[in-house]
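A.B. asks: Coordinates in work-v4.pdb, PDB, C-alpha atoms and all ligand atoms, are listed below.
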```pdb
MODEL        1
ATOM      1  CA  MET A   6     -33.682  16.539   3.499  1.00  0.00           C
ATOM      2  CA  ASN A   7     -32.348  13.282   4.860  1.00  0.00           C
ATOM      3  CA  SER A   8     -31.994  10.478   2.379  1.00  0.00           C
ATOM      4  CA  ILE A   9     -33.563   7.189   3.303  1.00  0.00           C
ATOM      5  CA  TYR A  10     -31.097   4.493   2.418  1.00  0.00           C
ATOM      6  CA  LEU A  11     -32.396   1.401   0.675  1.00  0.00           C
ATOM      7  CA  PHE A  12     -30.020  -0.590   2.892  1.00  0.00           C
ATOM      8  CA  PRO A  13     -27.458   0.481   5.499  1.00  0.00           C
ATOM      9  CA  PRO A  14     -24.399   2.106   3.852  1.00  0.00           C
ATOM     10  CA  SER A  15     -21.078   0.276   4.155  1.00  0.00           C
ATOM     11  CA  PRO A  16     -19.158   1.303   7.261  1.00  0.00           C
ATOM     12  CA  VAL A  17     -16.257   3.757   6.847  1.00  0.00           C
ATOM     13  CA  PRO A  18     -13.009   1.746   7.033  1.00  0.00           C
ATOM     14  CA  THR A  19     -10.700   3.026   9.767  1.00  0.00           C
ATOM     15  CA  VAL A  20      -7.126   2.576  10.948  1.00  0.00           C
ATOM     16  CA  PRO A  21      -6.124   2.799  14.633  1.00  0.00           C
ATOM     17  CA  ILE A  22      -3.759   5.608  15.633  1.00  0.00           C
ATOM     18  CA  LYS A  23      -0.933   4.373  17.818  1.00  0.00           C
ATOM     19  CA  GLY A  24      -1.100   5.714  21.351  1.00  0.00           C
ATOM     20  CA  GLY A  25      -4.514   7.321  20.930  1.00  0.00           C
ATOM     21  CA  GLU A  26      -8.193   6.548  21.095  1.00  0.00           C
ATOM     22  CA  GLN A  27      -9.111   8.185  17.800  1.00  0.00           C
ATOM     23  CA  VAL A  28      -9.134   6.263  14.532  1.00  0.00           C
ATOM     24  CA  PHE A  29      -8.187   7.444  11.049  1.00  0.00           C
ATOM     25  CA  PRO A  30     -11.141   7.232   8.612  1.00  0.00           C
ATOM     26  CA  VAL A  31      -9.951   6.036   5.198  1.00  0.00           C
ATOM     27  CA  ASN A  32     -10.991   7.933   2.075  1.00  0.00           C
ATOM     28  CA  ARG A  33      -8.892   6.714  -0.878  1.00  0.00           C
ATOM     29  CA  ILE A  34      -5.960   4.319  -1.225  1.00  0.00           C
ATOM     30  CA  PHE A  35      -3.297   5.274  -3.763  1.00  0.00           C
ATOM     31  CA  CYS A  36      -0.449   2.867  -4.469  1.00  0.00           C
ATOM     32  CA  VAL A  37       2.852   3.540  -6.213  1.00  0.00           C
ATOM     33  CA  GLY A  38       4.371   1.055  -8.661  1.00  0.00           C
ATOM     34  CA  ARG A  39       8.075   0.235  -8.932  1.00  0.00           C
ATOM     35  CA  ASN A  40       9.494   2.721  -6.472  1.00  0.00           C
ATOM     36  CA  TYR A  41      12.625   0.773  -5.506  1.00  0.00           C
ATOM     37  CA  ALA A  42      15.211   0.120  -8.233  1.00  0.00           C
ATOM     38  CA  GLU A  43      15.865  -3.541  -7.348  1.00  0.00           C
ATOM     39  CA  HIS A  44      12.138  -4.315  -7.319  1.00  0.00           C
ATOM     40  CA  ALA A  45      11.649  -2.575 -10.693  1.00  0.00           C
ATOM     41  CA  ARG A  46      14.333  -4.899 -12.108  1.00  0.00           C
ATOM     42  CA  GLU A  47      12.843  -8.060 -10.557  1.00  0.00           C
ATOM     43  CA  MET A  48       9.489  -7.143 -12.174  1.00  0.00           C
ATOM     44  CA  GLY A  49      11.186  -6.995 -15.572  1.00  0.00           C
ATOM     45  CA  GLY A  50      11.405  -3.214 -15.893  1.00  0.00           C
ATOM     46  CA  GLN A  51      13.963  -0.445 -15.675  1.00  0.00           C
ATOM     47  CA  PRO A  52      13.996   1.927 -12.695  1.00  0.00           C
ATOM     48  CA  ASP A  53      12.568   5.212 -13.920  1.00  0.00           C
ATOM     49  CA  LYS A  54      13.223   8.274 -11.805  1.00  0.00           C
ATOM     50  CA  GLU A  55      11.033  10.636 -13.783  1.00  0.00           C
ATOM     51  CA  GLU A  56       7.629   9.033 -13.823  1.00  0.00           C
ATOM     52  CA  PRO A  57       6.013   7.574 -10.736  1.00  0.00           C
ATOM     53  CA  PHE A  58       2.835   5.697 -11.643  1.00  0.00           C
ATOM     54  CA  TYR A  59      -0.173   4.847  -9.551  1.00  0.00           C
ATOM     55  CA  PHE A  60      -2.993   2.428  -9.090  1.00  0.00           C
ATOM     56  CA  THR A  61      -5.716   2.420  -6.445  1.00  0.00           C
ATOM     57  CA  LYS A  62      -7.387   0.059  -4.043  1.00  0.00           C
ATOM     58  CA  SER A  63     -10.869   0.368  -2.614  1.00  0.00           C
ATOM     59  CA  PRO A  64     -11.046   1.608   0.986  1.00  0.00           C
ATOM     60  CA  SER A  65     -13.066  -1.519   1.790  1.00  0.00           C
ATOM     61  CA  ALA A  66      -9.909  -3.574   1.070  1.00  0.00           C
ATOM     62  CA  ILE A  67      -8.389  -2.329   4.360  1.00  0.00           C
ATOM     63  CA  VAL A  68      -7.357  -5.052   6.825  1.00  0.00           C
ATOM     64  CA  PRO A  69      -5.875  -4.329  10.257  1.00  0.00           C
ATOM     65  CA  SER A  70      -2.516  -5.714  11.290  1.00  0.00           C
ATOM     66  CA  GLY A  71      -2.882  -8.963  13.227  1.00  0.00           C
ATOM     67  CA  ALA A  72      -5.702 -10.277  11.049  1.00  0.00           C
ATOM     68  CA  SER A  73      -5.976 -13.613   9.337  1.00  0.00           C
ATOM     69  CA  VAL A  74      -7.018 -13.241   5.689  1.00  0.00           C
ATOM     70  CA  SER A  75      -8.525 -15.856   3.432  1.00  0.00           C
ATOM     71  CA  TYR A  76      -6.334 -17.035   0.557  1.00  0.00           C
ATOM     72  CA  PRO A  77      -7.994 -15.103  -2.306  1.00  0.00           C
ATOM     73  CA  PRO A  78      -9.885 -16.755  -5.166  1.00  0.00           C
ATOM     74  CA  GLU A  79      -8.695 -17.100  -8.784  1.00  0.00           C
ATOM     75  CA  THR A  80      -4.967 -17.002  -8.017  1.00  0.00           C
ATOM     76  CA  GLU A  81      -2.169 -19.491  -7.611  1.00  0.00           C
ATOM     77  CA  ASN A  82       0.485 -16.851  -6.937  1.00  0.00           C
ATOM     78  CA  TYR A  83      -0.571 -14.666  -4.005  1.00  0.00           C
ATOM     79  CA  HIS A  84       2.236 -12.240  -3.097  1.00  0.00           C
ATOM     80  CA  TYR A  85       3.228  -9.959  -0.221  1.00  0.00           C
ATOM     81  CA  GLU A  86       4.680  -6.461  -0.702  1.00  0.00           C
ATOM     82  CA  ILE A  87       5.842  -4.597   2.427  1.00  0.00           C
ATOM     83  CA  GLU A  88       5.460  -0.826   2.031  1.00  0.00           C
ATOM     84  CA  LEU A  89       5.732   2.462   3.889  1.00  0.00           C
ATOM     85  CA  VAL A  90       2.287   4.092   3.987  1.00  0.00           C
ATOM     86  CA  ALA A  91       1.806   7.854   4.280  1.00  0.00           C
ATOM     87  CA  ALA A  92      -1.511   8.985   5.785  1.00  0.00           C
ATOM     88  CA  ILE A  93      -2.785  12.367   4.572  1.00  0.00           C
ATOM     89  CA  GLY A  94      -4.184  14.648   7.285  1.00  0.00           C
ATOM     90  CA  LYS A  95      -4.588  17.988   5.456  1.00  0.00           C
ATOM     91  CA  PRO A  96      -5.950  18.942   2.045  1.00  0.00           C
ATOM     92  CA  VAL A  97      -3.235  19.484  -0.559  1.00  0.00           C
ATOM     93  CA  PHE A  98      -3.352  20.252  -4.275  1.00  0.00           C
ATOM     94  CA  GLN A  99      -0.395  21.099  -6.509  1.00  0.00           C
ATOM     95  CA  ALA A 100       1.920  20.939  -3.502  1.00  0.00           C
ATOM     96  CA  ALA A 101       5.163  22.873  -3.533  1.00  0.00           C
ATOM     97  CA  PRO A 102       8.085  20.717  -2.370  1.00  0.00           C
ATOM     98  CA  ASN A 103       8.429  22.668   0.869  1.00  0.00           C
ATOM     99  CA  ASP A 104       4.749  22.243   1.734  1.00  0.00           C
ATOM    100  CA  ALA A 105       4.242  18.621   0.701  1.00  0.00           C
ATOM    101  CA  LEU A 106       5.105  16.947   4.012  1.00  0.00           C
ATOM    102  CA  ASP A 107       2.824  19.309   5.962  1.00  0.00           C
ATOM    103  CA  ALA A 108      -0.048  17.276   4.521  1.00  0.00           C
ATOM    104  CA  VAL A 109       1.169  14.032   6.138  1.00  0.00           C
ATOM    105  CA  PHE A 110      -0.570  13.175   9.406  1.00  0.00           C
ATOM    106  CA  GLY A 111       1.500  10.069  10.006  1.00  0.00           C
ATOM    107  CA  TYR A 112       2.969   6.830   8.730  1.00  0.00           C
ATOM    108  CA  ALA A 113       2.204   3.127   8.905  1.00  0.00           C
ATOM    109  CA  CYS A 114       3.524  -0.230   7.712  1.00  0.00           C
ATOM    110  CA  GLY A 115       1.454  -1.649   4.868  1.00  0.00           C
ATOM    111  CA  LEU A 116       1.165  -4.872   2.911  1.00  0.00           C
ATOM    112  CA  ASP A 117       0.036  -4.446  -0.714  1.00  0.00           C
ATOM    113  CA  MET A 118      -1.231  -7.997  -1.212  1.00  0.00           C
ATOM    114  CA  THR A 119      -1.227  -8.963  -4.886  1.00  0.00           C
ATOM    115  CA  ARG A 120      -2.549 -11.710  -7.166  1.00  0.00           C
ATOM    116  CA  ARG A 121       0.700 -11.777  -9.148  1.00  0.00           C
ATOM    117  CA  ASP A 122      -0.404 -14.256 -11.783  1.00  0.00           C
ATOM    118  CA  LEU A 123      -3.386 -12.034 -12.620  1.00  0.00           C
ATOM    119  CA  GLN A 124      -1.131  -8.960 -12.670  1.00  0.00           C
ATOM    120  CA  PHE A 125       1.184 -10.559 -15.223  1.00  0.00           C
ATOM    121  CA  ARG A 126      -1.786 -11.739 -17.280  1.00  0.00           C
ATOM    122  CA  VAL A 127      -3.483  -8.320 -17.499  1.00  0.00           C
ATOM    123  CA  ARG A 128      -0.183  -6.448 -17.874  1.00  0.00           C
ATOM    124  CA  GLU A 129       0.662  -8.537 -20.922  1.00  0.00           C
ATOM    125  CA  LYS A 130      -2.641  -7.539 -22.514  1.00  0.00           C
ATOM    126  CA  GLN A 131      -2.243  -3.883 -21.442  1.00  0.00           C
ATOM    127  CA  ARG A 132      -5.392  -4.114 -19.386  1.00  0.00           C
ATOM    128  CA  PRO A 133      -6.084  -2.499 -15.976  1.00  0.00           C
ATOM    129  CA  TRP A 134      -4.570  -4.027 -12.841  1.00  0.00           C
ATOM    130  CA  ASP A 135      -7.728  -3.997 -10.719  1.00  0.00           C
ATOM    131  CA  VAL A 136      -8.308  -7.746 -10.428  1.00  0.00           C
ATOM    132  CA  ALA A 137      -4.647  -8.178  -9.447  1.00  0.00           C
ATOM    133  CA  LYS A 138      -4.421  -5.368  -6.910  1.00  0.00           C
ATOM    134  CA  ASP A 139      -7.857  -4.184  -5.791  1.00  0.00           C
ATOM    135  CA  PHE A 140      -9.521  -7.192  -4.241  1.00  0.00           C
ATOM    136  CA  GLU A 141     -10.982  -7.993  -0.830  1.00  0.00           C
ATOM    137  CA  GLN A 142      -8.558  -7.858   2.141  1.00  0.00           C
ATOM    138  CA  SER A 143      -5.682  -6.688  -0.095  1.00  0.00           C
ATOM    139  CA  ALA A 144      -4.629  -3.544   1.818  1.00  0.00           C
ATOM    140  CA  VAL A 145      -3.175  -4.557   5.173  1.00  0.00           C
ATOM    141  CA  ILE A 146      -2.108  -1.717   7.473  1.00  0.00           C
ATOM    142  CA  SER A 147      -0.577  -1.277  10.937  1.00  0.00           C
ATOM    143  CA  PRO A 148      -1.683   1.422  13.384  1.00  0.00           C
ATOM    144  CA  ILE A 149      -0.680   4.899  12.164  1.00  0.00           C
ATOM    145  CA  VAL A 150       2.142   6.652  14.037  1.00  0.00           C
ATOM    146  CA  PRO A 151       1.649  10.456  13.950  1.00  0.00           C
ATOM    147  CA  SER A 152       4.525  12.318  12.289  1.00  0.00           C
ATOM    148  CA  ALA A 153       4.498  14.498  15.426  1.00  0.00           C
ATOM    149  CA  VAL A 154       5.841  11.372  17.162  1.00  0.00           C
ATOM    150  CA  CYS A 155       8.017   9.647  14.535  1.00  0.00           C
ATOM    151  CA  GLY A 156       9.045  12.625  12.378  1.00  0.00           C
ATOM    152  CA  HIS A 157       9.083  12.362   8.589  1.00  0.00           C
ATOM    153  CA  LEU A 158      10.594   9.081   7.498  1.00  0.00           C
ATOM    154  CA  THR A 159      13.332   9.394   4.880  1.00  0.00           C
ATOM    155  CA  HIS A 160      15.616   6.561   5.941  1.00  0.00           C
ATOM    156  CA  GLY A 161      15.582   3.483   8.158  1.00  0.00           C
ATOM    157  CA  LYS A 162      15.152  -0.238   7.726  1.00  0.00           C
ATOM    158  CA  ILE A 163      12.093  -1.758   6.022  1.00  0.00           C
ATOM    159  CA  GLU A 164      11.849  -5.525   6.327  1.00  0.00           C
ATOM    160  CA  LEU A 165       9.483  -8.461   5.869  1.00  0.00           C
ATOM    161  CA  ARG A 166       9.790 -11.946   7.317  1.00  0.00           C
ATOM    162  CA  VAL A 167       7.684 -14.945   6.342  1.00  0.00           C
ATOM    163  CA  ASN A 168       7.600 -17.744   8.929  1.00  0.00           C
ATOM    164  CA  GLY A 169      10.645 -16.121  10.556  1.00  0.00           C
ATOM    165  CA  GLU A 170      12.701 -15.969   7.362  1.00  0.00           C
ATOM    166  CA  THR A 171      13.715 -12.568   5.960  1.00  0.00           C
ATOM    167  CA  ARG A 172      12.327 -12.077   2.437  1.00  0.00           C
ATOM    168  CA  GLN A 173      12.481  -8.310   1.911  1.00  0.00           C
ATOM    169  CA  LYS A 174      15.043  -5.974   3.422  1.00  0.00           C
ATOM    170  CA  ALA A 175      15.919  -2.467   2.292  1.00  0.00           C
ATOM    171  CA  ASP A 176      16.239   1.094   3.511  1.00  0.00           C
ATOM    172  CA  LEU A 177      13.643   3.838   3.026  1.00  0.00           C
ATOM    173  CA  SER A 178      16.446   5.948   1.539  1.00  0.00           C
ATOM    174  CA  ASP A 179      16.320   3.501  -1.413  1.00  0.00           C
ATOM    175  CA  LEU A 180      12.906   4.885  -2.459  1.00  0.00           C
ATOM    176  CA  ILE A 181      13.218   6.227  -6.021  1.00  0.00           C
ATOM    177  CA  ASN A 182      10.576   8.869  -5.256  1.00  0.00           C
ATOM    178  CA  SER A 183      10.442   9.969  -1.602  1.00  0.00           C
ATOM    179  CA  VAL A 184       7.165  10.644   0.195  1.00  0.00           C
ATOM    180  CA  GLN A 185       7.741  14.360  -0.388  1.00  0.00           C
ATOM    181  CA  GLU A 186       8.260  13.834  -4.132  1.00  0.00           C
ATOM    182  CA  LEU A 187       5.231  11.526  -4.344  1.00  0.00           C
ATOM    183  CA  ILE A 188       2.934  14.109  -2.749  1.00  0.00           C
ATOM    184  CA  VAL A 189       4.231  16.803  -5.100  1.00  0.00           C
ATOM    185  CA  ASP A 190       3.550  14.536  -8.078  1.00  0.00           C
ATOM    186  CA  LEU A 191       0.274  12.891  -6.984  1.00  0.00           C
ATOM    187  CA  SER A 192      -1.236  16.264  -5.968  1.00  0.00           C
ATOM    188  CA  ARG A 193      -0.788  17.451  -9.565  1.00  0.00           C
ATOM    189  CA  TYR A 194      -3.513  14.972 -10.510  1.00  0.00           C
ATOM    190  CA  TYR A 195      -5.702  14.861  -7.409  1.00  0.00           C
ATOM    191  CA  HIS A 196      -6.917  17.107  -4.624  1.00  0.00           C
ATOM    192  CA  LEU A 197      -5.545  14.992  -1.787  1.00  0.00           C
ATOM    193  CA  VAL A 198      -7.720  15.147   1.313  1.00  0.00           C
ATOM    194  CA  PRO A 199      -7.584  13.910   4.901  1.00  0.00           C
ATOM    195  CA  GLY A 200      -8.171  10.162   4.911  1.00  0.00           C
ATOM    196  CA  ASP A 201      -6.192   9.430   1.772  1.00  0.00           C
ATOM    197  CA  LEU A 202      -3.471   6.790   2.122  1.00  0.00           C
ATOM    198  CA  ILE A 203      -0.427   6.404  -0.107  1.00  0.00           C
ATOM    199  CA  TYR A 204       1.264   2.988  -0.291  1.00  0.00           C
ATOM    200  CA  THR A 205       4.713   4.055  -1.463  1.00  0.00           C
ATOM    201  CA  GLY A 206       5.947   0.903  -3.207  1.00  0.00           C
ATOM    202  CA  THR A 207       7.823  -2.230  -2.206  1.00  0.00           C
ATOM    203  CA  PRO A 208      11.506  -3.223  -2.172  1.00  0.00           C
ATOM    204  CA  ALA A 209      12.874  -6.297  -3.948  1.00  0.00           C
ATOM    205  CA  GLY A 210      12.161  -9.790  -2.689  1.00  0.00           C
ATOM    206  CA  VAL A 211       8.431 -10.130  -3.317  1.00  0.00           C
ATOM    207  CA  GLY A 212       7.164 -13.678  -3.353  1.00  0.00           C
ATOM    208  CA  PRO A 213       4.271 -16.067  -2.791  1.00  0.00           C
ATOM    209  CA  VAL A 214       2.564 -17.077   0.423  1.00  0.00           C
ATOM    210  CA  VAL A 215       0.289 -20.035   1.103  1.00  0.00           C
ATOM    211  CA  PRO A 216      -2.321 -20.894   3.758  1.00  0.00           C
ATOM    212  CA  GLY A 217      -0.674 -21.189   7.175  1.00  0.00           C
ATOM    213  CA  ASP A 218       2.065 -18.642   6.458  1.00  0.00           C
ATOM    214  CA  HIS A 219       2.729 -15.958   9.045  1.00  0.00           C
ATOM    215  CA  LEU A 220       4.093 -12.575   7.940  1.00  0.00           C
ATOM    216  CA  ILE A 221       5.771 -10.000  10.145  1.00  0.00           C
ATOM    217  CA  GLY A 222       6.950  -6.733   8.645  1.00  0.00           C
ATOM    218  CA  SER A 223       8.643  -3.786  10.274  1.00  0.00           C
ATOM    219  CA  ILE A 224       9.751  -0.259   9.485  1.00  0.00           C
ATOM    220  CA  ALA A 225      12.157   1.638  11.735  1.00  0.00           C
ATOM    221  CA  GLY A 226      10.168   4.041  13.916  1.00  0.00           C
ATOM    222  CA  LEU A 227       6.788   2.472  13.173  1.00  0.00           C
ATOM    223  CA  GLY A 228       6.852  -0.954  14.797  1.00  0.00           C
ATOM    224  CA  GLU A 229       5.449  -4.068  13.198  1.00  0.00           C
ATOM    225  CA  ILE A 230       2.714  -5.323  10.914  1.00  0.00           C
ATOM    226  CA  GLU A 231       1.474  -8.893  11.125  1.00  0.00           C
ATOM    227  CA  LEU A 232      -0.673 -11.103   8.915  1.00  0.00           C
ATOM    228  CA  THR A 233      -1.693 -14.748   8.818  1.00  0.00           C
ATOM    229  CA  VAL A 234      -2.770 -16.378   5.566  1.00  0.00           C
ATOM    230  CA  GLY A 235      -5.797 -18.585   6.043  1.00  0.00           C
ATOM    231  CA  LYS A 236      -7.594 -21.127   3.897  1.00  0.00           C
ATOM    232  CA  PRO A 237      -9.516 -20.069   0.787  1.00  0.00           C
ATOM    233  CA  HIS A 238     -13.165 -19.080   1.128  1.00  0.00           C
ATOM    234  CA  THR A 239     -15.429 -22.027   0.524  1.00  0.00           C
TER
HETATM  235 MN    MN B   1       3.008  -2.370  -4.169  1.00  0.00          MN
ENDMDL
END
```
What does this structure look like when you write it as structure tokens?

C.D. replies:
Amino acid sequence: MNSIYLFPPSPVPTVPIKGGEQVFPVNRIFCVGRNYAEHAREMGGQPDKEEPFYFTKSPSAIVPSGASVSYPPETENYHYEIELVAAIGKPVFQAAPNDALDAVFGYACGLDMTRRDLQFRVREKQRPWDVAKDFEQSAVISPIVPSAVCGHLTHGKIELRVNGETRQKADLSDLINSVQELIVDLSRYYHLVPGDLIYTGTPAGVGPVVPGDHLIGSIAGLGEIELTVGKPHT
């Protein structure tokens, strides 16, 4: 029996696939906290090899590279975080290390946009991070490059420039937990399925942006991601 929707369901968010006509339909967005040692220190913590931790964003938070986003409400400290994103293309649960990367369809550049002042406020009270991390237009992503084209990314430059000035610069080999290790760990807790995205964490150098700023990020082998910060919603 077909259900009759009360109103049209929200469209499935998608990400373009570089060099193809198909698009990647997004299921869930997992994000990894403090996965570069220097960034863990700048956030007031100690790098911790043993325990990756996660938060999520709603699929509807997806924004394509090249967009202009509104400066979000209820913040005065809106931050960028450039990240390698792994796009899951096969189901995987309790992955063995040797099988983990088979689940990756491809990779993209991502920006985990963050209301940092709200993050600090809720963190202090040991409350959830949702208002700081999972808000509208907070998950920016470039077209996905299939791993059949770019291979599995374990090293190479990751960089972010704001108005032409370099703010974040590191190497993917600096990741505390590699994509392979993250899939092994995350798939202990979840049945990962095609459409899931994993934002793998940001290097040091996070900072605020304001309306009018223009961000260009890049990861070796993946090309660029671009974002313009617009005025707040009125
Ligand atoms: Mn992040």

A.B. asks: Using all atoms listed in the file, what are the residues with an atom within 7 Å of ligand MN 1 (chain B), set out as a count of residues only?

C.D. replies: 9

A.B. asks: Go through A:Val31, A:Lys236, A:Lys174, A:Ile9 and flag the residue nearest Lys162 (chain A), using only C-alpha atoms for the distances.

C.D. replies: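 Using only C-alpha atoms, Lys162 (chain A) sits closest to A:Lys174.
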
A.B. asks: Which is closer to Thr19 (chain A) than all the others in A:Ile146, A:Val211, A:Val136, A:Ala72, using all atoms listed in the file?

C.D. replies: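 The shortest atom-to-atom distance to Thr19 (chain A) comes from A:Ile146.
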
A.B. asks: What is the distance between CA of Lys23 (chain A) and CA of Val150 (chain A), in Å to one decimal?

C.D. replies: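 That distance, rounded to one decimal, is 5.4 Å.
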
A.B. asks: Taking the file as I've supplied it (selection: the PyMOL selection byres (((chain A and resi 166) around 9) and not hetatm)), which residues are included? Please answer as a list in words.

C.D. replies: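 Here the PyMOL selection byres (((chain A and resi 166) around 9) and not hetatm) matches Glu164, Leu165, Val167, Asn168, Gly169, Glu170, Thr171, Arg172, Gln173, Lys174, His219, Leu220, Ile221, Gly222 and Ser223 of chain A.
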
A.B. asks: Please determine, counting only C-alpha atoms, which residue among A:Thr80, A:Asn32, A:Asn182, A:Thr119 has the shortest atom-to-atom distance to Ile93 (chain A).

C.D. replies: A:Asn32

A.B. asks: Between A:Leu187, A:Leu227, A:Ile181, A:Ala66, which is the closest to Gln51 (chain A) once you count all atoms listed in the file?

C.D. replies: A:Ile181

A.B. asks: If you apply the PyMOL selection byres (((chain A and resi 100) around 12) and not hetatm) to this file, what residues do you get, as a ChimeraX atom specification?

C.D. replies: /A:95-99,101-109,185-197

A.B. asks: Return region 66-80 of chain A, completed with N, CA and C atoms, as a short mmCIF file (atom, residue, chain, number, x, y, z; two decimals), in the coordinates of the input.

C.D. replies:
```
data_model
loop_
_atom_site.label_atom_id
_atom_site.label_comp_id
_atom_site.auth_asym_id
_atom_site.auth_seq_id
_atom_site.Cartn_x
_atom_site.Cartn_y
_atom_site.Cartn_z
N ALA A 66 -10.94 -2.52 1.08
CA ALA A 66 -9.91 -3.57 1.07
C ALA A 66 -9.01 -3.52 2.31
N ILE A 67 -9.23 -2.50 3.16
CA ILE A 67 -8.39 -2.33 4.36
C ILE A 67 -8.54 -3.51 5.33
N VAL A 68 -7.40 -3.98 5.82
CA VAL A 68 -7.36 -5.05 6.82
C VAL A 68 -6.38 -4.62 7.92
N PRO A 69 -6.80 -4.73 9.19
CA PRO A 69 -5.88 -4.33 10.26
C PRO A 69 -4.76 -5.35 10.47
N SER A 70 -3.62 -4.84 10.89
CA SER A 70 -2.52 -5.71 11.29
C SER A 70 -3.01 -6.70 12.34
N GLY A 71 -2.51 -7.93 12.26
CA GLY A 71 -2.88 -8.96 13.23
C GLY A 71 -4.00 -9.87 12.73
N ALA A 72 -4.58 -9.50 11.58
CA ALA A 72 -5.70 -10.28 11.05
C ALA A 72 -5.23 -11.57 10.39
N SER A 73 -6.18 -12.45 10.19
CA SER A 73 -5.98 -13.61 9.34
C SER A 73 -6.84 -13.39 8.10
N VAL A 74 -6.24 -13.45 6.92
CA VAL A 74 -7.02 -13.24 5.69
C VAL A 74 -7.20 -14.56 4.97
N SER A 75 -8.30 -14.66 4.24
CA SER A 75 -8.52 -15.86 3.43
C SER A 75 -7.62 -15.82 2.20
N TYR A 76 -7.07 -16.97 1.82
CA TYR A 76 -6.33 -17.04 0.56
C TYR A 76 -7.32 -16.65 -0.55
N PRO A 77 -6.98 -15.64 -1.38
CA PRO A 77 -7.99 -15.10 -2.31
C PRO A 77 -8.31 -16.05 -3.46
N PRO A 78 -9.50 -15.89 -4.05
CA PRO A 78 -9.88 -16.76 -5.17
C PRO A 78 -9.17 -16.40 -6.47
N GLU A 79 -9.16 -17.31 -7.39
CA GLU A 79 -8.70 -17.10 -8.78
C GLU A 79 -7.21 -16.74 -8.88
N THR A 80 -6.41 -17.20 -7.90
CA THR A 80 -4.97 -17.00 -8.02
C THR A 80 -4.25 -18.25 -7.55
#
```
